[in-house]
Structure formats: C-alpha cells, structure tokens
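*Asks:* My structure is in work.cif, and what it holds is mmCIF, C-alpha atoms:
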data_input
#
loop_
_atom_site.label_atom_id
_atom_site.label_comp_id
_atom_site.auth_asym_id
_atom_site.auth_seq_id
_atom_site.Cartn_x
_atom_site.Cartn_y
_atom_site.Cartn_z
CA MET G 300 12.15 6.72 -11.23
CA ASP G 301 9.03 4.57 -11.47
CA ARG G 302 7.34 7.13 -13.74
CA VAL G 303 10.38 7.23 -16.01
CA MET G 304 10.30 3.48 -16.64
CA ASN G 305 6.52 3.39 -17.05
CA THR G 306 6.61 6.30 -19.48
CA VAL G 307 9.17 4.56 -21.65
CA LEU G 308 7.45 1.18 -21.69
CA PHE G 309 3.80 2.16 -21.76
CA LEU G 310 3.50 5.39 -23.65
CA ARG G 311 -0.16 5.70 -24.69
CA ARG G 312 -0.90 2.26 -23.19
CA LYS G 313 1.13 0.61 -25.92
CA ALA G 314 4.49 -0.99 -25.32
CA THR G 315 6.96 1.04 -27.35
CA GLY G 316 10.25 -0.40 -28.46
CA LEU G 317 9.28 -3.89 -27.39
CA LYS G 318 8.79 -6.61 -29.98
CA GLU G 319 6.75 -8.84 -27.68
CA GLU G 320 4.43 -8.51 -24.73
CA GLN G 321 6.04 -8.48 -21.32
CA GLY G 322 6.22 -11.84 -19.65
CA PHE G 323 6.91 -13.47 -16.33
CA ASP G 324 9.95 -15.67 -15.92
CA GLY G 325 8.89 -18.49 -13.61
CA ARG G 326 10.70 -21.74 -12.98
CA VAL G 327 10.21 -24.94 -11.04
CA VAL G 328 13.54 -26.25 -9.89
CA LEU G 329 14.55 -29.20 -7.73
CA TYR G 330 17.89 -28.88 -5.98
CA PRO G 331 19.67 -31.59 -3.96
CA SER G 332 20.22 -29.45 -0.87
CA ASN G 333 18.99 -26.33 0.86
CA GLN G 334 22.39 -24.71 0.33
CA ASN G 335 22.14 -25.30 -3.45
CA LEU G 336 18.69 -23.68 -3.41
CA LYS G 337 19.91 -20.68 -1.40
CA ASP G 338 22.88 -20.25 -3.74
CA TYR G 339 20.62 -20.38 -6.81
CA LEU G 340 18.13 -17.86 -5.38
CA SER G 341 20.99 -15.58 -4.30
CA TRP G 342 22.37 -15.68 -7.84
CA ARG G 343 18.90 -14.82 -9.24
CA GLN G 344 18.61 -11.83 -6.91
CA ALA G 345 22.11 -10.62 -7.77
CA ASP G 346 21.19 -10.95 -11.45
CA CYS G 347 18.04 -8.89 -10.86
CA HIS G 348 20.17 -6.16 -9.28
CA ILE G 349 22.71 -6.17 -12.13
CA ASN G 350 19.97 -5.98 -14.79
CA ASN G 351 18.05 -3.24 -13.03
CA LEU G 352 21.13 -1.10 -12.46
CA TYR G 353 22.00 -1.38 -16.14
CA ASN G 354 18.44 -0.58 -17.26
CA THR G 355 18.14 2.34 -14.86
CA VAL G 356 21.28 3.97 -16.24
CA PHE G 357 20.43 3.05 -19.84
CA TRP G 358 17.00 4.71 -19.75
CA MET G 359 18.34 7.78 -17.94
CA LEU G 360 20.88 8.22 -20.72
CA VAL G 361 18.18 7.83 -23.37
CA GLN G 362 15.44 9.89 -21.73
CA ARG G 363 17.33 12.62 -19.94
CA SER G 364 20.58 12.88 -21.88
CA GLY G 365 18.99 12.40 -25.28
CA LEU G 366 21.26 9.56 -26.36
CA THR G 367 19.93 7.02 -28.81
CA PRO G 368 19.59 3.47 -27.50
CA VAL G 369 22.68 2.46 -29.48
CA GLN G 370 24.68 5.37 -28.07
CA ALA G 371 23.57 4.53 -24.53
CA GLN G 372 24.49 0.87 -25.03
CA ASN G 373 27.92 1.86 -26.36
CA ARG G 374 28.48 4.21 -23.42
CA LEU G 375 27.68 1.45 -20.94
CA GLN G 376 29.68 -1.27 -22.67
CA GLY G 377 32.41 -2.55 -20.36
CA THR G 378 31.26 -0.54 -17.33
CA LEU G 379 31.16 -2.00 -13.85
CA ALA G 380 28.54 -1.39 -11.15
CA GLY G 381 30.62 1.43 -9.67
CA ASP G 382 30.79 3.16 -13.06
CA LYS G 383 27.02 2.93 -13.47
CA ASN G 384 26.43 4.26 -9.96
CA GLU G 385 28.76 7.17 -10.70
CA ILE G 386 26.89 8.02 -13.93
CA LEU G 387 23.56 7.98 -12.08
CA PHE G 388 24.86 10.18 -9.28
CA SER G 389 27.05 12.65 -11.17
CA GLU G 390 24.80 13.14 -14.20
CA PHE G 391 21.29 12.60 -12.79
CA ASN G 392 21.69 13.15 -9.02
CA ILE G 393 20.34 9.65 -8.35
CA ASN G 394 21.76 7.55 -5.54
CA TYR G 395 20.92 4.03 -6.65
CA ASN G 396 20.99 2.81 -3.04
CA ASN G 397 17.97 5.03 -2.36
CA GLU G 398 15.88 3.41 -5.10
CA PRO G 399 13.02 1.23 -3.79
CA LEU G 400 13.91 -2.34 -2.82
CA LEU G 401 11.36 -3.55 -5.37
CA TYR G 402 13.77 -2.54 -8.13
CA ARG G 403 17.07 -3.29 -6.42
CA LYS G 404 16.11 -6.68 -4.96
CA GLY G 405 13.18 -7.84 -7.08
CA THR G 406 10.13 -9.64 -5.72
CA VAL G 407 10.22 -12.84 -3.71
CA LEU G 408 6.93 -14.72 -3.41
CA ILE G 409 6.50 -16.89 -0.34
CA TRP G 410 3.63 -18.86 1.18
CA GLN G 411 2.78 -17.40 4.56
CA LYS G 412 0.16 -18.26 7.16
CA VAL G 413 -2.17 -15.29 7.53
CA ASN G 414 -5.06 -14.87 9.96
CA GLU G 415 -8.22 -13.65 8.24
CA VAL G 416 -10.96 -12.22 10.40
CA THR G 417 -14.46 -12.15 8.93
CA THR G 418 -17.89 -11.43 10.32
CA LYS G 419 -20.61 -14.03 9.84
CA ARG G 420 -24.27 -13.92 10.67
CA ILE G 421 -25.19 -17.07 12.57
CA GLN G 422 -28.42 -18.24 14.14
CA PHE G 423 -27.69 -20.25 17.25
CA PRO G 424 -30.00 -23.10 18.31
CA LYS G 425 -32.85 -22.00 20.59
CA GLU G 426 -32.43 -18.36 19.53
CA THR G 427 -34.79 -16.49 17.24
CA GLU G 428 -32.46 -13.87 15.81
CA GLU G 429 -29.15 -14.11 13.97
CA LYS G 430 -26.06 -12.69 15.61
CA GLU G 431 -22.90 -11.34 14.05
CA VAL G 432 -19.88 -13.35 15.10
CA GLU G 433 -16.22 -12.75 14.29
CA VAL G 434 -14.53 -15.81 12.83
CA THR G 435 -10.75 -16.11 12.51
CA ARG G 436 -9.28 -18.54 10.00
CA THR G 437 -5.66 -19.25 9.27
CA ARG G 438 -4.93 -19.50 5.57
CA ASN G 439 -1.83 -19.86 3.45
CA LYS G 440 -1.44 -16.91 1.10
CA VAL G 441 1.18 -15.88 -1.39
CA VAL G 442 2.92 -12.80 -0.01
CA PRO G 443 5.24 -10.60 -2.09
CA LEU G 444 8.43 -9.46 -0.36
CA HIS G 445 11.07 -6.99 -1.53
CA CYS G 446 14.07 -7.81 0.60
CA ASP G 447 17.59 -9.18 0.59
CA ILE G 448 17.63 -12.98 0.41
CA ILE G 449 21.39 -13.29 -0.01
CA GLY G 450 22.21 -12.83 3.66
CA ASP G 451 21.19 -15.05 6.58
CA GLN G 452 18.54 -12.67 7.99
CA PHE G 453 15.86 -13.66 5.46
CA TRP G 454 16.39 -17.38 6.03
CA GLU G 455 16.33 -16.92 9.81
CA GLU G 456 13.10 -14.91 9.57
CA TYR G 457 11.38 -17.48 7.31
CA PRO G 458 12.80 -20.89 8.34
CA GLU G 459 9.65 -22.65 7.15
CA ILE G 460 10.78 -22.15 3.55
CA LEU G 461 13.55 -24.70 4.02
CA ALA G 462 11.68 -26.87 6.50
CA ASP G 463 11.41 -30.57 5.71
CA ASP G 464 7.73 -31.25 4.99
CA SER G 465 7.99 -35.04 5.05
#
If you took the structure in this file and wrote it as structure tokens, what would it be?

*Replies:*
Amino acid sequence: MDRVMNTVLFLRRKATGLKEEQGFDGRVVLYPSNQNLKDYLSWRQADCHINNLYNTVFWMLVQRSGLTPVQAQNRLQGTLAGDKNEILFSEFNINYNNEPLLYRKGTVLIWQKVNEVTTKRIQFPKETEEKEVEVTRTRNKVVPLHCDIIGDQFWEEYPEILADDS
C-alpha cells in the first residue's frame, strides 16, 4: 500500500498531479477545558481516518482498475465508510483494518521524557589518565505515535499531556 501511494505522488522524484508542494498542517489552539481539547483532537483523528480511507480507495481505483480520477471520484461520490471498505476488499483483496496505524490513525506528536545514555571521557582529580564514564540524562523529546487517541487508553497512558503545569 505504501509503495502504491509513493509511486503515484513521487514518480521520478517529481510530484505528479499536484499543483503545489506537499505541506504540513499545524495549528496552535487554546481550548477552555481538557474535554474540549480531547474532543477536538478526536475529531482531527477521525477526519484523518475518513480522508485516508477515501484516498486509499480512490488511488486503487485509478491505479489498479484503470479509472480516470474523475471516474474514480464519481464512483465514490455518496459512498459511506462501509461501501469503501467493501470496494477495497472485494475488488483489491485489501482489508483496511490491516493497514498500518500510521495511515488509519495519523501521527500524534507528544513531548516525552527520554533517558539518554552517553559515554564521556573524564579526567578525575589526582588521576593521570582519562576514564570513560556512562552519563545518563533525562531530556524531553518529541516522539511520534501512531495510535488511537479517541478512547480513554491513550489519555490514561499519557496523563502528563493534560496535566496542569501552573
């Protein structure tokens, strides 16, 4: 599946069929409550799923069935998620639920404390030679996750996201 999308978008290292370069949709949003934030992020993830399901079926129809983009768009007009899943399974033997989470759920970026272990050469007082010493530092790093954020499990696993920093 990944190769199919990459082939369509980056044939000969040039974006084909796209009028502009790809971009990243990033937003800074302030919400009045944690529940409002969770609802907004859940909506964004659901939207990611809806868009990816549509695009997966659309490009299968174009690439494997030989439909033109207009024909594929017309075929998908008015279809529901179940209809799209049925097209993928019956015509292309693809079970959308087996596609990688990266595509079905998108990417969530979170700050996470990570222990970094490095080796340093240090010369201690009253010693003539340097010694190698392991040093562990805790750092905050951006970590990409591909998981469901709509349910409670994510929020229970990462409670620091909604923690009050004041």

*Asks:* Counting all atoms listed in the file, which residues of region 388-415 of chain G fall within 7 Å of region 436-460 of chain G, and what is the closest atom pair for each with its distance in Å at one decimal, ordered by chain and rising number, as a Markdown table?

*Replies:*
| residue | atom | partner | partner_atom | distance |
| --- | --- | --- | --- | --- |
| G:Leu400 | CA | G:His445 | CA | 5.6 |
| G:Leu401 | CA | G:His445 | CA | 5.2 |
| G:Lys404 | CA | G:Cys446 | CA | 6.0 |
| G:Gly405 | CA | G:His445 | CA | 6.0 |
| G:Thr406 | CA | G:His445 | CA | 5.0 |
| G:Val407 | CA | G:Leu444 | CA | 5.1 |
| G:Leu408 | CA | G:Pro443 | CA | 4.6 |
| G:Ile409 | CA | G:Val442 | CA | 5.4 |
| G:Trp410 | CA | G:Val441 | CA | 4.6 |
| G:Gln411 | CA | G:Asn439 | CA | 5.3 |
| G:Lys412 | CA | G:Asn439 | CA | 4.5 |
| G:Val413 | CA | G:Arg438 | CA | 5.4 |
| G:Asn414 | CA | G:Thr437 | CA | 4.5 |
| G:Glu415 | CA | G:Arg436 | CA | 5.3 |

*Asks:* What does the PyMOL selection byres ((chain G and resi 332-342) around 7) select in this file, as a ChimeraX atom specification?

*Replies:* /G:330-331,343-346,448-449,461

*Asks:* Grab the CA of Gln376 (chain G) to CA of Pro399 (chain G) distance for me, in Å with one decimal place.

*Replies:*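 These atoms are spaced 25.3 Å apart.
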
*Asks:* Which value, in Å to one decimal, gives the distance between CA of Arg403 (chain G) and CA of Ile349 (chain G)?

*Replies:*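 Those two atoms sit 8.5 Å apart.
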
*Asks:* Check which residues satisfy the PyMOL selection byres ((chain G and resi 357) around 8) in the file shown, then give them as a list in words.

*Replies:*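 When the PyMOL selection byres ((chain G and resi 357) around 8) is applied to the shown file, the picked residues are Tyr353, Asn354, Thr355, Val356, Trp358, Met359, Leu360, Val361, Pro368, Ala371, Gln372 and Leu375 of chain G.
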
*Asks:* Would you mind listing what lies within 12 Å of Asn396 (chain G) as an NGL selection string, with all atoms listed in the file counted and same-chain residues fewer than 2 positions away left out?

*Replies:* :G and (348 or 352 or 380-381 or 384-385 or 387-388 or 392-394 or 398-404)

*Asks:* Separation of CA of Gly365 (chain G) and CA of Asn350 (chain G), in Å?

*Replies:*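 For CA of Gly365 (chain G) relative to CA of Asn350 (chain G), the distance reads 21.2 Å.
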
*Asks:* Within 7 Å of (20.8, 13.7, -16.3), all atoms listed in the file: residues as JSON, numbers by chain?

*Replies:* {"G": [359, 363, 364, 390, 391]}

*Asks:* Quick one: residues within 6 Å of Glu429 (chain G), only C-alpha atoms counted, chain neighbours fewer than 5 positions away excluded, as a list in words?

*Replies:* Arg420, Ile421 and Gln422 of chain G
